Amino acid sequence: MSTERKAGLAQSTLLLLGSCLPVLGAVLLAPVLPRMQEHFATTPGAAVLVPIALTLPALIIALLAPFAGIIADRFGRKPLLLVAMLLYTLCGVLPLWLDSLQAIVISRAGIGLAEAAIMTCCTTLMGDYYDGARRERLFALQMVATSLSAALFMAIGGALGESGWRTPFVLYAVGLLFLPLMAKLLWEPVAQNLNTSQPSTAHSFPWKTLTPLYLLAVLAGVSLFVVPVQAGYLLNLLHVTAPQQIGLTMGSNQLGVLAGALSFRLLSGIPAHRNMVVAFILAGVGGLLMAKAGNHALVIAAVFINGVGIGLMLPTLITWVMAQVDFSQRGRAAGCFTAAIFAGEFASPLVVLAFTGGAIQELPAALSVLAIAQLIIAGLCLGLPRLPGLAPVATTTAQPIH
């Protein structure tokens, strides 16, 4: 596959920044949830609806991203992306004026729909515009960008929330900036120079091949949200309650994710399944250290190690997924990958809750169970190359199959 035009810095920057927008939906409201809860205190069901307003976009992405991938493959990546950017802006800013909590929740569902298409299209276009080492580099940078943006959006949301719980929603207007830039600088890729002697695989999506990778993506999503959701509770058990100290811990985890994503490019030539072994071992060791940590300093070290593993997982997985499909299947592959990651993120607190039963003092035991599971998964990853149809891939050599 090739394109008539050659993508450069402008295209890669737009796609990386576009990939950060779904992160906005996940973290923007977190700092203002208490004020939002207070505002709607007299609304029936507010205790349930307010948290749902935060988590609903992730659930919608998990449910609808595969369908966004199908649409992208059939009708084009760029048209879907532009429509999604417009929907993102409209639904994003609506809570500035909505007085009904139910209506706000519905608008958040619209945000999830838009984010499903945005994330799917941006990831697919990265696979379309680039190949080999350049593609791998961009997927690694995608992980770096989303990790940094999570911390940035959380800080901005908290600062804007000082003037009212509605104020952070104004950030969704950024879609109006991206829309004309994407319309001008991005183009619809076309498949060229394909070997027509080979049978088309456009109608035979390789589910058997990709299902193990998607299952790993779900587990990666679960792992990704363990520290952001649970670290604060764990620190409370250690009598660490200062927001600044909790923020330092979260920052250490994000720094680890950044280091892991950057290390992906340093591990050139190593088969992807071995990268996954290393990634799950690091995540598991970090999780065990978290569970056994007796002071704040050890927690900081533990979440950093855990973050390195998470940062290595995601670019390895998306590179491996994209190497298994051709141009006509790339949207569906990216959509299902996006759905798997966000399904794991949505399920992560529920998995921990299943082990703790709501008792915070049981959190270390729950983290130990998750860590042991990650170490077991690391061992299972050694057998991935023996699965039928799953082509082994080494970094810097990944190429789309035609």
# chains A, B, ... in the order shown; residues from 1 in each chain; ligands from 1
>>> select_by_dssp(residues="stretch 166-391 of chain A", states="alpha helix (DSSP H)", output="MDAnalysis selection string")
chainID A and resid 175:185 207:224 226:237 243:266 272:292 296:322 330:356 363:381
>>> residues_around(residues="stretch 233-246 of chain A", least_positions_apart="5", cutoff="10 Å", atoms="only C-alpha atoms", output="MDAnalysis selection string")
chainID A and resid 227 251:252 290:291 293:296 299:300 360:364 367
>>> atom_distance(atom1="atom CA of A:Ala339", atom2="atom CA of A:Ala65")
5.3 Å
>>> closest_residue(among="A:Phe40, A:Phe153, A:Phe346, A:Tyr88", to="A:Val226", atoms="only C-alpha atoms")
A:Phe346
>>> residues_around(residues="A:Asn275", least_positions_apart="2", cutoff="10 Å", atoms="only C-alpha atoms", output="ChimeraX atom specification")
/A:264,267,270-273,277-281,309,312-313,316-317,378,381-382,394-395
>>> residues_around(residues="A:Val170", least_positions_apart="2", cutoff="8 Å", atoms="only C-alpha atoms", output="list in words")
Gly92, Val93, Leu96, Arg166, Thr167, Pro168, Tyr172 and Ala173 of chain A
>>> atom_distance(atom1="atom CA of A:Val32", atom2="atom CA of A:Ala117")
26.3 Å
>>> residues_around(residues="stretch 142-148 of chain A", least_positions_apart="2", cutoff="10 Å", atoms="only C-alpha atoms", output="number ranges by chain")
A: 12-13, 15-24, 122-123, 126, 136-140, 150-153, 251, 253-262, 310-315
